[in-house]
Every structure is written in C-alpha cells, then in structure tokens.
file coords23.txt (compact mmCIF, N, CA and C atoms)
# COMPACT_ATOMS: atom_id res chain seq x y z
N MET A 1 177.92 145.20 64.11
CA MET A 1 176.94 145.53 65.15
C MET A 1 175.88 146.50 64.62
N TYR A 2 176.31 147.60 64.02
CA TYR A 2 175.36 148.56 63.46
C TYR A 2 175.35 148.47 61.95
N THR A 3 174.18 148.71 61.35
CA THR A 3 174.07 148.70 59.89
C THR A 3 174.70 149.97 59.32
N GLU A 4 174.96 149.94 58.02
CA GLU A 4 175.51 151.12 57.34
C GLU A 4 174.56 152.31 57.48
N LYS A 5 173.24 152.05 57.43
CA LYS A 5 172.26 153.15 57.55
C LYS A 5 172.32 153.79 58.93
N VAL A 6 172.46 152.99 59.97
CA VAL A 6 172.57 153.53 61.33
C VAL A 6 173.82 154.38 61.43
N LEU A 7 174.93 153.86 60.93
CA LEU A 7 176.20 154.60 60.99
C LEU A 7 176.11 155.90 60.19
N ASP A 8 175.43 155.86 59.05
CA ASP A 8 175.27 157.07 58.23
C ASP A 8 174.44 158.13 58.96
N HIS A 9 173.32 157.71 59.56
CA HIS A 9 172.46 158.67 60.27
C HIS A 9 173.11 159.18 61.55
N PHE A 10 174.01 158.38 62.13
CA PHE A 10 174.76 158.85 63.29
C PHE A 10 175.85 159.84 62.87
N SER A 11 176.57 159.50 61.83
CA SER A 11 177.68 160.34 61.37
C SER A 11 177.21 161.59 60.63
N ASN A 12 176.08 161.49 59.95
CA ASN A 12 175.54 162.60 59.14
C ASN A 12 174.06 162.79 59.47
N PRO A 13 173.74 163.18 60.71
CA PRO A 13 172.33 163.28 61.09
C PRO A 13 171.58 164.32 60.27
N ARG A 14 170.37 163.97 59.91
CA ARG A 14 169.48 164.87 59.17
C ARG A 14 168.60 165.62 60.16
N ASN A 15 168.32 166.86 59.86
CA ASN A 15 167.36 167.67 60.63
C ASN A 15 167.80 167.92 62.08
N MET A 16 169.11 167.92 62.33
CA MET A 16 169.58 168.14 63.69
C MET A 16 169.46 169.62 64.06
N GLY A 17 168.97 169.87 65.25
CA GLY A 17 168.86 171.22 65.76
C GLY A 17 167.42 171.65 65.94
N GLU A 18 167.27 172.76 66.62
CA GLU A 18 165.93 173.32 66.86
C GLU A 18 165.38 173.93 65.59
N VAL A 19 164.06 173.95 65.49
CA VAL A 19 163.37 174.66 64.42
C VAL A 19 162.88 175.96 65.05
N ALA A 20 163.42 177.07 64.59
CA ALA A 20 163.18 178.37 65.22
C ALA A 20 161.70 178.71 65.36
N ASP A 21 160.92 178.45 64.33
CA ASP A 21 159.50 178.80 64.37
C ASP A 21 158.61 177.58 64.57
N ALA A 22 159.10 176.63 65.34
CA ALA A 22 158.34 175.41 65.62
C ALA A 22 157.04 175.74 66.34
N ASN A 23 155.99 175.01 66.00
CA ASN A 23 154.72 175.17 66.70
C ASN A 23 154.30 173.88 67.40
N GLY A 24 155.27 172.98 67.56
CA GLY A 24 155.09 171.75 68.32
C GLY A 24 156.44 171.26 68.79
N MET A 25 156.53 170.86 70.06
CA MET A 25 157.80 170.37 70.60
C MET A 25 157.51 169.26 71.60
N GLY A 26 158.24 168.18 71.47
CA GLY A 26 158.08 167.07 72.40
C GLY A 26 159.43 166.65 72.93
N ILE A 27 159.45 166.26 74.19
CA ILE A 27 160.69 165.77 74.79
C ILE A 27 160.37 164.52 75.60
N VAL A 28 161.19 163.50 75.39
CA VAL A 28 161.05 162.26 76.14
C VAL A 28 162.43 161.83 76.58
N GLY A 29 162.46 161.02 77.62
CA GLY A 29 163.75 160.56 78.10
C GLY A 29 163.64 159.25 78.82
N ASN A 30 164.78 158.65 79.05
CA ASN A 30 164.85 157.41 79.77
C ASN A 30 165.92 157.56 80.84
N ALA A 31 165.49 157.60 82.08
CA ALA A 31 166.41 157.84 83.19
C ALA A 31 167.45 156.73 83.35
N LYS A 32 167.08 155.51 83.00
CA LYS A 32 168.01 154.39 83.19
C LYS A 32 169.22 154.48 82.27
N CYS A 33 169.02 154.88 81.02
CA CYS A 33 170.15 154.91 80.08
C CYS A 33 170.64 156.32 79.81
N GLY A 34 169.84 157.32 80.17
CA GLY A 34 170.27 158.70 79.98
C GLY A 34 169.91 159.31 78.64
N ASP A 35 169.24 158.55 77.76
CA ASP A 35 168.84 159.10 76.46
C ASP A 35 167.73 160.14 76.64
N ILE A 36 167.90 161.28 75.98
CA ILE A 36 166.87 162.32 75.98
C ILE A 36 166.70 162.78 74.54
N MET A 37 165.46 162.77 74.06
CA MET A 37 165.16 163.21 72.70
C MET A 37 164.16 164.35 72.72
N GLN A 38 164.45 165.35 71.91
CA GLN A 38 163.57 166.50 71.77
C GLN A 38 163.28 166.64 70.27
N ILE A 39 162.01 166.66 69.91
CA ILE A 39 161.59 166.80 68.51
C ILE A 39 160.85 168.12 68.37
N PHE A 40 161.17 168.85 67.30
CA PHE A 40 160.53 170.13 66.98
C PHE A 40 159.77 169.98 65.67
N LEU A 41 158.54 170.50 65.64
CA LEU A 41 157.72 170.44 64.42
C LEU A 41 157.28 171.83 64.01
N LYS A 42 157.30 172.08 62.72
CA LYS A 42 156.65 173.25 62.15
C LYS A 42 155.56 172.70 61.25
N VAL A 43 154.32 172.88 61.70
CA VAL A 43 153.16 172.32 61.01
C VAL A 43 152.43 173.46 60.31
N SER A 44 152.09 173.25 59.05
CA SER A 44 151.37 174.27 58.28
C SER A 44 149.92 174.34 58.73
N ASP A 45 149.21 175.36 58.27
CA ASP A 45 147.80 175.54 58.63
C ASP A 45 146.94 174.37 58.16
N ASP A 46 147.39 173.66 57.11
CA ASP A 46 146.62 172.51 56.64
C ASP A 46 147.10 171.19 57.22
N GLY A 47 147.91 171.26 58.30
CA GLY A 47 148.28 170.06 59.04
C GLY A 47 149.42 169.24 58.46
N VAL A 48 150.25 169.86 57.62
CA VAL A 48 151.40 169.15 57.05
C VAL A 48 152.68 169.59 57.77
N ILE A 49 153.52 168.63 58.10
CA ILE A 49 154.78 168.93 58.77
C ILE A 49 155.75 169.48 57.73
N GLU A 50 155.91 170.80 57.75
CA GLU A 50 156.77 171.47 56.77
C GLU A 50 158.25 171.34 57.13
N ASP A 51 158.54 171.33 58.42
CA ASP A 51 159.92 171.21 58.88
C ASP A 51 159.92 170.52 60.22
N CYS A 52 161.02 169.87 60.52
CA CYS A 52 161.17 169.25 61.83
C CYS A 52 162.65 169.15 62.15
N GLY A 53 162.93 169.06 63.41
CA GLY A 53 164.31 168.96 63.85
C GLY A 53 164.37 168.19 65.15
N PHE A 54 165.59 167.89 65.57
CA PHE A 54 165.74 167.16 66.82
C PHE A 54 167.02 167.57 67.53
N LYS A 55 166.98 167.41 68.84
CA LYS A 55 168.17 167.49 69.68
C LYS A 55 168.14 166.24 70.54
N THR A 56 169.19 165.46 70.46
CA THR A 56 169.23 164.21 71.20
C THR A 56 170.52 164.11 72.00
N PHE A 57 170.37 163.74 73.25
CA PHE A 57 171.50 163.43 74.11
C PHE A 57 171.44 161.93 74.32
N GLY A 58 172.41 161.22 73.76
CA GLY A 58 172.38 159.78 73.91
C GLY A 58 173.40 159.11 73.03
N CYS A 59 173.25 157.83 72.89
CA CYS A 59 174.18 157.01 72.13
C CYS A 59 173.97 157.19 70.63
N GLY A 60 174.81 156.54 69.86
CA GLY A 60 174.72 156.61 68.41
C GLY A 60 173.37 156.15 67.88
N ALA A 61 172.82 155.10 68.47
CA ALA A 61 171.52 154.60 68.04
C ALA A 61 170.42 155.62 68.32
N ALA A 62 170.51 156.33 69.43
CA ALA A 62 169.52 157.35 69.76
C ALA A 62 169.56 158.48 68.73
N ILE A 63 170.75 158.89 68.35
CA ILE A 63 170.90 159.95 67.34
C ILE A 63 170.39 159.46 65.99
N ALA A 64 170.75 158.24 65.61
CA ALA A 64 170.33 157.69 64.33
C ALA A 64 168.81 157.54 64.25
N THR A 65 168.17 157.08 65.33
CA THR A 65 166.72 156.92 65.29
C THR A 65 166.01 158.27 65.26
N SER A 66 166.56 159.27 65.94
CA SER A 66 165.99 160.62 65.88
C SER A 66 166.07 161.16 64.46
N SER A 67 167.23 161.01 63.85
CA SER A 67 167.45 161.48 62.49
C SER A 67 166.48 160.80 61.51
N MET A 68 166.39 159.48 61.61
CA MET A 68 165.51 158.74 60.69
C MET A 68 164.05 159.09 60.92
N ALA A 69 163.63 159.20 62.17
CA ALA A 69 162.23 159.53 62.47
C ALA A 69 161.85 160.88 61.87
N THR A 70 162.73 161.88 61.99
CA THR A 70 162.40 163.19 61.42
C THR A 70 162.35 163.12 59.90
N GLU A 71 163.22 162.33 59.29
CA GLU A 71 163.17 162.15 57.84
C GLU A 71 161.86 161.52 57.42
N MET A 72 161.37 160.58 58.20
CA MET A 72 160.16 159.83 57.85
C MET A 72 158.88 160.65 58.00
N ILE A 73 158.89 161.69 58.85
CA ILE A 73 157.65 162.46 59.05
C ILE A 73 157.63 163.78 58.28
N LYS A 74 158.76 164.24 57.83
CA LYS A 74 158.81 165.52 57.11
C LYS A 74 157.97 165.42 55.83
N GLY A 75 157.08 166.41 55.65
CA GLY A 75 156.20 166.42 54.48
C GLY A 75 154.92 165.62 54.66
N LYS A 76 154.78 164.97 55.81
CA LYS A 76 153.58 164.16 56.09
C LYS A 76 152.56 164.98 56.86
N THR A 77 151.32 164.52 56.81
CA THR A 77 150.28 165.13 57.63
C THR A 77 150.45 164.65 59.07
N ILE A 78 149.79 165.34 59.99
CA ILE A 78 149.81 164.92 61.39
C ILE A 78 149.33 163.47 61.51
N GLU A 79 148.27 163.13 60.81
CA GLU A 79 147.73 161.77 60.88
C GLU A 79 148.75 160.76 60.37
N GLU A 80 149.43 161.07 59.27
CA GLU A 80 150.45 160.17 58.74
C GLU A 80 151.62 160.04 59.71
N ALA A 81 152.02 161.13 60.33
CA ALA A 81 153.13 161.10 61.28
C ALA A 81 152.78 160.27 62.51
N LEU A 82 151.51 160.30 62.91
CA LEU A 82 151.08 159.50 64.06
C LEU A 82 151.18 158.01 63.78
N ALA A 83 151.18 157.63 62.52
CA ALA A 83 151.28 156.21 62.16
C ALA A 83 152.71 155.69 62.26
N LEU A 84 153.67 156.59 62.49
CA LEU A 84 155.06 156.17 62.63
C LEU A 84 155.20 155.24 63.83
N THR A 85 155.84 154.11 63.61
CA THR A 85 156.08 153.17 64.71
C THR A 85 157.58 152.97 64.90
N ASN A 86 157.94 152.52 66.07
CA ASN A 86 159.35 152.23 66.30
C ASN A 86 159.82 151.13 65.36
N ALA A 87 158.95 150.18 65.04
CA ALA A 87 159.32 149.10 64.12
C ALA A 87 159.64 149.65 62.74
N ALA A 88 158.89 150.66 62.30
CA ALA A 88 159.15 151.27 60.99
C ALA A 88 160.50 151.99 60.99
N VAL A 89 160.84 152.63 62.10
CA VAL A 89 162.13 153.30 62.22
C VAL A 89 163.26 152.28 62.16
N VAL A 90 163.11 151.18 62.89
CA VAL A 90 164.12 150.12 62.88
C VAL A 90 164.27 149.56 61.46
N GLU A 91 163.14 149.32 60.80
CA GLU A 91 163.18 148.78 59.43
C GLU A 91 163.89 149.75 58.49
N ALA A 92 163.58 151.03 58.60
CA ALA A 92 164.20 152.04 57.74
C ALA A 92 165.71 152.11 57.96
N LEU A 93 166.14 151.82 59.19
CA LEU A 93 167.56 151.82 59.51
C LEU A 93 168.21 150.46 59.22
N GLU A 94 167.41 149.54 58.71
CA GLU A 94 167.86 148.18 58.37
C GLU A 94 168.36 147.42 59.59
N GLY A 95 167.72 147.71 60.73
CA GLY A 95 167.97 146.96 61.95
C GLY A 95 168.73 147.72 63.01
N LEU A 96 168.50 147.28 64.25
CA LEU A 96 169.21 147.78 65.43
C LEU A 96 169.51 146.58 66.32
N PRO A 97 170.60 146.63 67.07
CA PRO A 97 170.84 145.55 68.04
C PRO A 97 169.70 145.52 69.06
N PRO A 98 169.36 144.34 69.57
CA PRO A 98 168.25 144.23 70.53
C PRO A 98 168.36 145.20 71.71
N ALA A 99 169.56 145.43 72.21
CA ALA A 99 169.73 146.32 73.35
C ALA A 99 169.51 147.78 73.01
N LYS A 100 169.34 148.10 71.71
CA LYS A 100 169.15 149.49 71.29
C LYS A 100 167.75 149.76 70.73
N ILE A 101 166.87 148.76 70.75
CA ILE A 101 165.51 148.94 70.25
C ILE A 101 164.80 150.06 71.01
N HIS A 102 165.11 150.22 72.31
CA HIS A 102 164.46 151.26 73.10
C HIS A 102 164.67 152.65 72.50
N CYS A 103 165.74 152.84 71.76
CA CYS A 103 165.98 154.14 71.12
C CYS A 103 164.91 154.45 70.08
N SER A 104 164.50 153.41 69.34
CA SER A 104 163.45 153.62 68.33
C SER A 104 162.10 153.90 69.01
N VAL A 105 161.89 153.30 70.17
CA VAL A 105 160.66 153.57 70.92
C VAL A 105 160.65 155.02 71.39
N LEU A 106 161.78 155.51 71.88
CA LEU A 106 161.87 156.92 72.29
C LEU A 106 161.60 157.85 71.10
N ALA A 107 162.12 157.51 69.92
CA ALA A 107 161.90 158.36 68.74
C ALA A 107 160.41 158.43 68.41
N GLU A 108 159.72 157.30 68.43
CA GLU A 108 158.28 157.28 68.18
C GLU A 108 157.55 158.13 69.22
N GLU A 109 157.92 157.96 70.49
CA GLU A 109 157.26 158.71 71.56
C GLU A 109 157.54 160.21 71.47
N ALA A 110 158.74 160.58 71.05
CA ALA A 110 159.08 162.01 70.92
C ALA A 110 158.24 162.65 69.83
N VAL A 111 158.05 161.95 68.71
CA VAL A 111 157.21 162.47 67.62
C VAL A 111 155.78 162.66 68.13
N LYS A 112 155.25 161.66 68.81
CA LYS A 112 153.88 161.76 69.33
C LYS A 112 153.76 162.88 70.36
N SER A 113 154.76 163.03 71.19
CA SER A 113 154.76 164.11 72.19
C SER A 113 154.73 165.48 71.51
N ALA A 114 155.48 165.64 70.43
CA ALA A 114 155.49 166.90 69.70
C ALA A 114 154.13 167.16 69.05
N ILE A 115 153.49 166.11 68.56
CA ILE A 115 152.16 166.26 67.95
C ILE A 115 151.14 166.67 69.00
N VAL A 116 151.21 166.07 70.19
CA VAL A 116 150.30 166.45 71.28
C VAL A 116 150.51 167.93 71.64
N ASP A 117 151.77 168.36 71.73
CA ASP A 117 152.07 169.75 72.03
C ASP A 117 151.50 170.68 70.96
N TYR A 118 151.65 170.32 69.70
CA TYR A 118 151.11 171.11 68.59
C TYR A 118 149.59 171.24 68.74
N CYS A 119 148.91 170.13 69.00
CA CYS A 119 147.45 170.15 69.14
C CYS A 119 147.01 171.04 70.30
N LYS A 120 147.73 170.94 71.42
CA LYS A 120 147.40 171.78 72.58
C LYS A 120 147.59 173.26 72.26
N ARG A 121 148.68 173.59 71.58
CA ARG A 121 148.93 174.99 71.21
C ARG A 121 147.86 175.54 70.28
N LYS A 122 147.37 174.70 69.38
CA LYS A 122 146.36 175.12 68.40
C LYS A 122 144.94 175.01 68.94
N GLY A 123 144.79 174.37 70.10
CA GLY A 123 143.46 174.21 70.68
C GLY A 123 142.60 173.23 69.90
N ILE A 124 143.25 172.23 69.30
CA ILE A 124 142.51 171.22 68.54
C ILE A 124 142.56 169.89 69.28
N ALA A 125 141.62 169.03 68.94
CA ALA A 125 141.53 167.72 69.60
C ALA A 125 142.81 166.91 69.36
N ILE A 126 143.26 166.27 70.39
CA ILE A 126 144.43 165.40 70.27
C ILE A 126 143.97 164.10 69.63
N PRO A 127 144.57 163.75 68.50
CA PRO A 127 144.15 162.53 67.79
C PRO A 127 144.37 161.28 68.64
N GLU A 128 143.49 160.30 68.41
CA GLU A 128 143.63 159.03 69.09
C GLU A 128 144.97 158.41 68.71
N GLY A 129 145.64 157.83 69.65
CA GLY A 129 146.94 157.21 69.38
C GLY A 129 148.11 158.15 69.60
N ALA A 130 147.83 159.41 69.93
CA ALA A 130 148.93 160.37 70.12
C ALA A 130 149.50 160.34 71.53
N ILE A 131 148.68 159.94 72.49
CA ILE A 131 149.13 159.93 73.88
C ILE A 131 149.89 158.63 74.13
N VAL A 132 151.09 158.78 74.67
CA VAL A 132 151.87 157.60 75.05
C VAL A 132 151.97 157.55 76.56
N GLU A 133 151.90 156.34 77.06
CA GLU A 133 151.99 156.16 78.51
C GLU A 133 153.44 156.19 78.94
N GLU A 134 153.68 156.75 80.11
CA GLU A 134 155.02 156.74 80.68
C GLU A 134 155.34 155.32 81.12
N HIS A 135 156.49 154.82 80.69
CA HIS A 135 156.92 153.50 81.11
C HIS A 135 158.42 153.38 80.96
N GLU A 136 158.95 152.42 81.65
CA GLU A 136 160.39 152.17 81.55
C GLU A 136 160.64 151.38 80.28
N HIS A 137 161.73 151.67 79.61
CA HIS A 137 162.09 151.00 78.38
C HIS A 137 163.05 149.86 78.68
N ASP A 138 162.78 148.70 78.11
CA ASP A 138 163.63 147.54 78.29
C ASP A 138 164.86 147.67 77.43
N HIS A 139 166.00 147.54 78.05
CA HIS A 139 167.27 147.64 77.33
C HIS A 139 167.79 146.28 76.91
N GLY A 140 167.11 145.21 77.31
CA GLY A 140 167.60 143.89 77.02
C GLY A 140 168.83 143.55 77.86
N GLU A 141 169.02 144.26 78.94
CA GLU A 141 170.20 144.07 79.78
C GLU A 141 169.76 143.78 81.21
N ALA A 142 170.54 142.99 81.90
CA ALA A 142 170.29 142.77 83.32
C ALA A 142 170.81 143.98 84.09
N GLU A 143 170.08 144.39 85.07
CA GLU A 143 170.51 145.56 85.85
C GLU A 143 170.75 145.14 87.29
N GLU A 144 171.73 145.75 87.90
CA GLU A 144 172.02 145.46 89.30
C GLU A 144 171.29 146.46 90.17
N GLU A 145 170.84 145.99 91.29
CA GLU A 145 170.14 146.86 92.24
C GLU A 145 171.15 147.50 93.16
call {"tool": "encode", "arguments": {"input": "coords23.txt", "output": "structure tokens"}}
result
Amino acid sequence: MYTEKVLDHFSNPRNMGEVADANGMGIVGNAKCGDIMQIFLKVSDDGVIEDCGFKTFGCGAAIATSSMATEMIKGKTIEEALALTNAAVVEALEGLPPAKIHCSVLAEEAVKSAIVDYCKRKGIAIPEGAIVEEHEHDHGEAEEE
C-alpha cells in the first residue's frame, strides 16, 4: 500500500518540530479527515530557507508528506519553494494511494501559507502563486450524510 519512502518518512520524519526563531508559519487543515499541518520557516535576509520544521496531526501519509515537503524546500529560495507542487511531493515519495493524495495537497498549501506569513511579517509583496484558495480536499472516498 505505501512505498518504502513513505514508510521511511513516516517512521523517521525529517525536520519535525517547531523552529524556535521561525519568521514564517503556516497552518492548514482538513475538517473532514482531521489532518492538520503546521510548517515553520526560518528565511535568511537574502530569501533563502535556512531551516524549516513541521508539526502534523494526521495519518502516516500526512506525516510523510510534511517531512518530504520540508526536505524539498530547505536551502531553497522563496521563489523556488513556491514552485513545490503536491505532484512533486508524491513523486519524491514514489507514490501515494489515491485516497491519500489530499495529504500532499495539504503539504503544498502549508508551505505556501508559511511563505505568505513570512511576506506579511517582512512587509514584502506576496509572490504570485502563494495564495491558495480554501477548498475541501477529495479523499477519493464516498461519504455518508
């Protein structure tokens, strides 16, 4: 069901926890499944993500996607981090079950939310593509009313 990479990032998450001197923080969640992701960024004066961390409440896939997303943006510029897509996270994890793709979407949105927070704190223009619309995430499951 899960790839070795997903299991590794779930069992041995990278960058887990708050970043004490973070200057950007984003939090996103999905009320239907209960996943909540919080991403912390420490961005240097020249716009490079020097450190990042995450706190995630959710399933193994949510933890694995948070871990992989932080690994993928660490050392990148804000512009490079904004290019992170949920598809890239899934690819880096060598796949996710269809019902867990929403976790990768949350990871992408949490990164963008943290970048927006950083820009607001610094009083700089929010880059195009950083704002994500609020929407319900498809779990690939039928739901009962």
call {"tool": "select_by_dssp", "arguments": {"input": "coords23.txt", "residues": "chain A", "states": "strand (DSSP E)", "output": "ChimeraX atom specification"}}
result
/A:24-29,36-43,49-57
call {"tool": "closest_residue", "arguments": {"input": "coords23.txt", "among": "A:Ser104, A:Gln38, A:Asn86, A:Asn15", "to": "A:Ser67", "atoms": "only C-alpha atoms"}}
result
A:Asn15
call {"tool": "closest_residue", "arguments": {"input": "coords23.txt", "among": "A:Asp51, A:Glu94, A:Glu71, A:Glu80", "to": "A:Met25", "atoms": "only C-alpha atoms"}}
result
A:Asp51
call {"tool": "residues_near_point", "arguments": {"input": "coords23.txt", "point": "(167.3, 155.7, 66.2)", "cutoff": "8 Å", "atoms": "all atoms listed in the file", "output": "list of chain:residue names"}}
result
A:Val6, A:Gly60, A:Ala61, A:Ala62, A:Ile63, A:Ala64, A:Thr65, A:Ser66, A:Ser67, A:Met68, A:Ala69, A:Val89, A:Val90, A:Leu93, A:Lys100, A:Ile101, A:His102, A:Cys103, A:Ser104, A:Val105, A:Leu106, A:Ala107
call {"tool": "select_by_dssp", "arguments": {"input": "coords23.txt", "residues": "stretch 30-93 of chain A", "states": "alpha helix (DSSP H)", "output": "CSV table (one decimal) with N, CA and C atoms, keeping the file's coordinate frame"}}
result
chain,number,residue,atom,x,y,z
A,60,GLY,N,174.8,156.5,69.9
A,60,GLY,CA,174.7,156.6,68.4
A,60,GLY,C,173.4,156.2,67.9
A,61,ALA,N,172.8,155.1,68.5
A,61,ALA,CA,171.5,154.6,68.0
A,61,ALA,C,170.4,155.6,68.3
A,62,ALA,N,170.5,156.3,69.4
A,62,ALA,CA,169.5,157.4,69.8
A,62,ALA,C,169.6,158.5,68.7
A,63,ILE,N,170.8,158.9,68.4
A,63,ILE,CA,170.9,160.0,67.3
A,63,ILE,C,170.4,159.5,66.0
A,64,ALA,N,170.8,158.2,65.6
A,64,ALA,CA,170.3,157.7,64.3
A,64,ALA,C,168.8,157.5,64.2
A,65,THR,N,168.2,157.1,65.3
A,65,THR,CA,166.7,156.9,65.3
A,65,THR,C,166.0,158.3,65.3
A,66,SER,N,166.6,159.3,65.9
A,66,SER,CA,166.0,160.6,65.9
A,66,SER,C,166.1,161.2,64.5
A,67,SER,N,167.2,161.0,63.8
A,67,SER,CA,167.4,161.5,62.5
A,67,SER,C,166.5,160.8,61.5
A,68,MET,N,166.4,159.5,61.6
A,68,MET,CA,165.5,158.7,60.7
A,68,MET,C,164.0,159.1,60.9
A,69,ALA,N,163.6,159.2,62.2
A,69,ALA,CA,162.2,159.5,62.5
A,69,ALA,C,161.8,160.9,61.9
A,70,THR,N,162.7,161.9,62.0
A,70,THR,CA,162.4,163.2,61.4
A,70,THR,C,162.4,163.1,59.9
A,71,GLU,N,163.2,162.3,59.3
A,71,GLU,CA,163.2,162.2,57.8
A,71,GLU,C,161.9,161.5,57.4
A,72,MET,N,161.4,160.6,58.2
A,72,MET,CA,160.2,159.8,57.8
A,72,MET,C,158.9,160.6,58.0
A,73,ILE,N,158.9,161.7,58.8
A,73,ILE,CA,157.6,162.5,59.0
A,73,ILE,C,157.6,163.8,58.3
A,78,ILE,N,149.8,165.3,60.0
A,78,ILE,CA,149.8,164.9,61.4
A,78,ILE,C,149.3,163.5,61.5
A,79,GLU,N,148.3,163.1,60.8
A,79,GLU,CA,147.7,161.8,60.9
A,79,GLU,C,148.8,160.8,60.4
A,80,GLU,N,149.4,161.1,59.3
A,80,GLU,CA,150.4,160.2,58.7
A,80,GLU,C,151.6,160.0,59.7
A,81,ALA,N,152.0,161.1,60.3
A,81,ALA,CA,153.1,161.1,61.3
A,81,ALA,C,152.8,160.3,62.5
A,82,LEU,N,151.5,160.3,62.9
A,82,LEU,CA,151.1,159.5,64.1
A,82,LEU,C,151.2,158.0,63.8
A,86,ASN,N,157.9,152.5,66.1
A,86,ASN,CA,159.4,152.2,66.3
A,86,ASN,C,159.8,151.1,65.4
A,87,ALA,N,159.0,150.2,65.0
A,87,ALA,CA,159.3,149.1,64.1
A,87,ALA,C,159.6,149.6,62.7
A,88,ALA,N,158.9,150.7,62.3
A,88,ALA,CA,159.2,151.3,61.0
A,88,ALA,C,160.5,152.0,61.0
A,89,VAL,N,160.8,152.6,62.1
A,89,VAL,CA,162.1,153.3,62.2
A,89,VAL,C,163.3,152.3,62.2
A,90,VAL,N,163.1,151.2,62.9
A,90,VAL,CA,164.1,150.1,62.9
A,90,VAL,C,164.3,149.6,61.5
A,91,GLU,N,163.1,149.3,60.8
A,91,GLU,CA,163.2,148.8,59.4
A,91,GLU,C,163.9,149.8,58.5
A,92,ALA,N,163.6,151.0,58.6
A,92,ALA,CA,164.2,152.0,57.7
A,92,ALA,C,165.7,152.1,58.0
call {"tool": "closest_residue", "arguments": {"input": "coords23.txt", "among": "A:Asp45, A:Asp117, A:Asp35, A:Glu79", "to": "A:Phe57", "atoms": "only C-alpha atoms"}}
result
A:Asp35
call {"tool": "residues_around", "arguments": {"input": "coords23.txt", "residues": "stretch 75-78 of chain A", "least_positions_apart": "3", "cutoff": "7 Å", "atoms": "only N, CA and C atoms", "output": "list in words"}}
result
Asp46, Gly47, Val48, Ile49, Glu50, Asp51, Met72, Ala81, Leu82 and Ala83 of chain A
call {"tool": "atom_distance", "arguments": {"input": "coords23.txt", "atom1": "atom C of A:Pro97", "atom2": "atom N of A:Met16"}}
result
23.4 Å
call {"tool": "atom_distance", "arguments": {"input": "coords23.txt", "atom1": "atom N of A:Leu96", "atom2": "atom C of A:Ile39"}}
result
22.6 Å
call {"tool": "closest_residue", "arguments": {"input": "coords23.txt", "among": "A:Ala114, A:Ala99, A:Arg14, A:Glu128", "to": "A:Val43", "atoms": "only C-alpha atoms"}}
result
A:Ala114
call {"tool": "atom_distance", "arguments": {"input": "coords23.txt", "atom1": "atom C of A:Phe40", "atom2": "atom CA of A:Gly24"}}
result
5.7 Å
call {"tool": "closest_residue", "arguments": {"input": "coords23.txt", "among": "A:Glu109, A:Thr70, A:Leu41, A:Phe10", "to": "A:Val28", "atoms": "only C-alpha atoms"}}
result
A:Glu109
call {"tool": "closest_residue", "arguments": {"input": "coords23.txt", "among": "A:Cys59, A:Ile27, A:Val19, A:Ala130", "to": "A:Lys42", "atoms": "only N, CA and C atoms"}}
result
A:Val19
call {"tool": "decode", "arguments": {"input": "coords23.txt", "residues": "stretch 5-16 of chain A", "atoms": "N, CA, C and O atoms", "output": "PDB file, in the first residue's frame"}}
result
ATOM      1  N   LYS A   5       9.652   4.704   0.694  1.00  0.00           N
ATOM      2  CA  LYS A   5       9.961   6.109   1.022  1.00  0.00           C
ATOM      3  C   LYS A   5       8.914   6.710   1.950  1.00  0.00           C
ATOM      4  O   LYS A   5       9.249   7.444   2.874  1.00  0.00           O
ATOM      5  N   VAL A   6       7.653   6.408   1.709  1.00  0.00           N
ATOM      6  CA  VAL A   6       6.585   6.910   2.583  1.00  0.00           C
ATOM      7  C   VAL A   6       6.778   6.340   3.983  1.00  0.00           C
ATOM      8  O   VAL A   6       6.739   7.075   4.981  1.00  0.00           O
ATOM      9  N   LEU A   7       7.020   5.044   4.061  1.00  0.00           N
ATOM     10  CA  LEU A   7       7.212   4.397   5.364  1.00  0.00           C
ATOM     11  C   LEU A   7       8.429   4.965   6.088  1.00  0.00           C
ATOM     12  O   LEU A   7       8.395   5.175   7.305  1.00  0.00           O
ATOM     13  N   ASP A   8       9.495   5.250   5.342  1.00  0.00           N
ATOM     14  CA  ASP A   8      10.699   5.826   5.947  1.00  0.00           C
ATOM     15  C   ASP A   8      10.428   7.224   6.505  1.00  0.00           C
ATOM     16  O   ASP A   8      10.817   7.536   7.630  1.00  0.00           O
ATOM     17  N   HIS A   9       9.746   8.071   5.720  1.00  0.00           N
ATOM     18  CA  HIS A   9       9.461   9.431   6.185  1.00  0.00           C
ATOM     19  C   HIS A   9       8.438   9.453   7.311  1.00  0.00           C
ATOM     20  O   HIS A   9       8.429  10.375   8.117  1.00  0.00           O
ATOM     21  N   PHE A  10       7.586   8.423   7.377  1.00  0.00           N
ATOM     22  CA  PHE A  10       6.659   8.315   8.496  1.00  0.00           C
ATOM     23  C   PHE A  10       7.393   7.839   9.753  1.00  0.00           C
ATOM     24  O   PHE A  10       7.234   8.398  10.832  1.00  0.00           O
ATOM     25  N   SER A  11       8.216   6.832   9.599  1.00  0.00           N
ATOM     26  CA  SER A  11       8.932   6.250  10.747  1.00  0.00           C
ATOM     27  C   SER A  11      10.083   7.121  11.232  1.00  0.00           C
ATOM     28  O   SER A  11      10.414   7.111  12.413  1.00  0.00           O
ATOM     29  N   ASN A  12      10.708   7.848  10.315  1.00  0.00           N
ATOM     30  CA  ASN A  12      11.877   8.692  10.627  1.00  0.00           C
ATOM     31  C   ASN A  12      11.674  10.079  10.032  1.00  0.00           C
ATOM     32  O   ASN A  12      12.389  10.470   9.109  1.00  0.00           O
ATOM     33  N   PRO A  13      10.676  10.828  10.513  1.00  0.00           N
ATOM     34  CA  PRO A  13      10.391  12.125   9.897  1.00  0.00           C
ATOM     35  C   PRO A  13      11.554  13.096  10.041  1.00  0.00           C
ATOM     36  O   PRO A  13      12.230  13.145  11.059  1.00  0.00           O
ATOM     37  N   ARG A  14      11.785  13.828   8.978  1.00  0.00           N
ATOM     38  CA  ARG A  14      12.824  14.861   8.955  1.00  0.00           C
ATOM     39  C   ARG A  14      12.197  16.204   9.317  1.00  0.00           C
ATOM     40  O   ARG A  14      11.069  16.475   8.939  1.00  0.00           O
ATOM     41  N   ASN A  15      12.934  17.010  10.033  1.00  0.00           N
ATOM     42  CA  ASN A  15      12.537  18.399  10.335  1.00  0.00           C
ATOM     43  C   ASN A  15      11.275  18.486  11.197  1.00  0.00           C
ATOM     44  O   ASN A  15      10.562  19.484  11.139  1.00  0.00           O
ATOM     45  N   MET A  16      11.015  17.474  12.015  1.00  0.00           N
ATOM     46  CA  MET A  16       9.812  17.503  12.844  1.00  0.00           C
ATOM     47  C   MET A  16      10.013  18.457  14.024  1.00  0.00           C
ATOM     48  O   MET A  16      11.074  18.470  14.629  1.00  0.00           O
TER      49      MET A  16
END
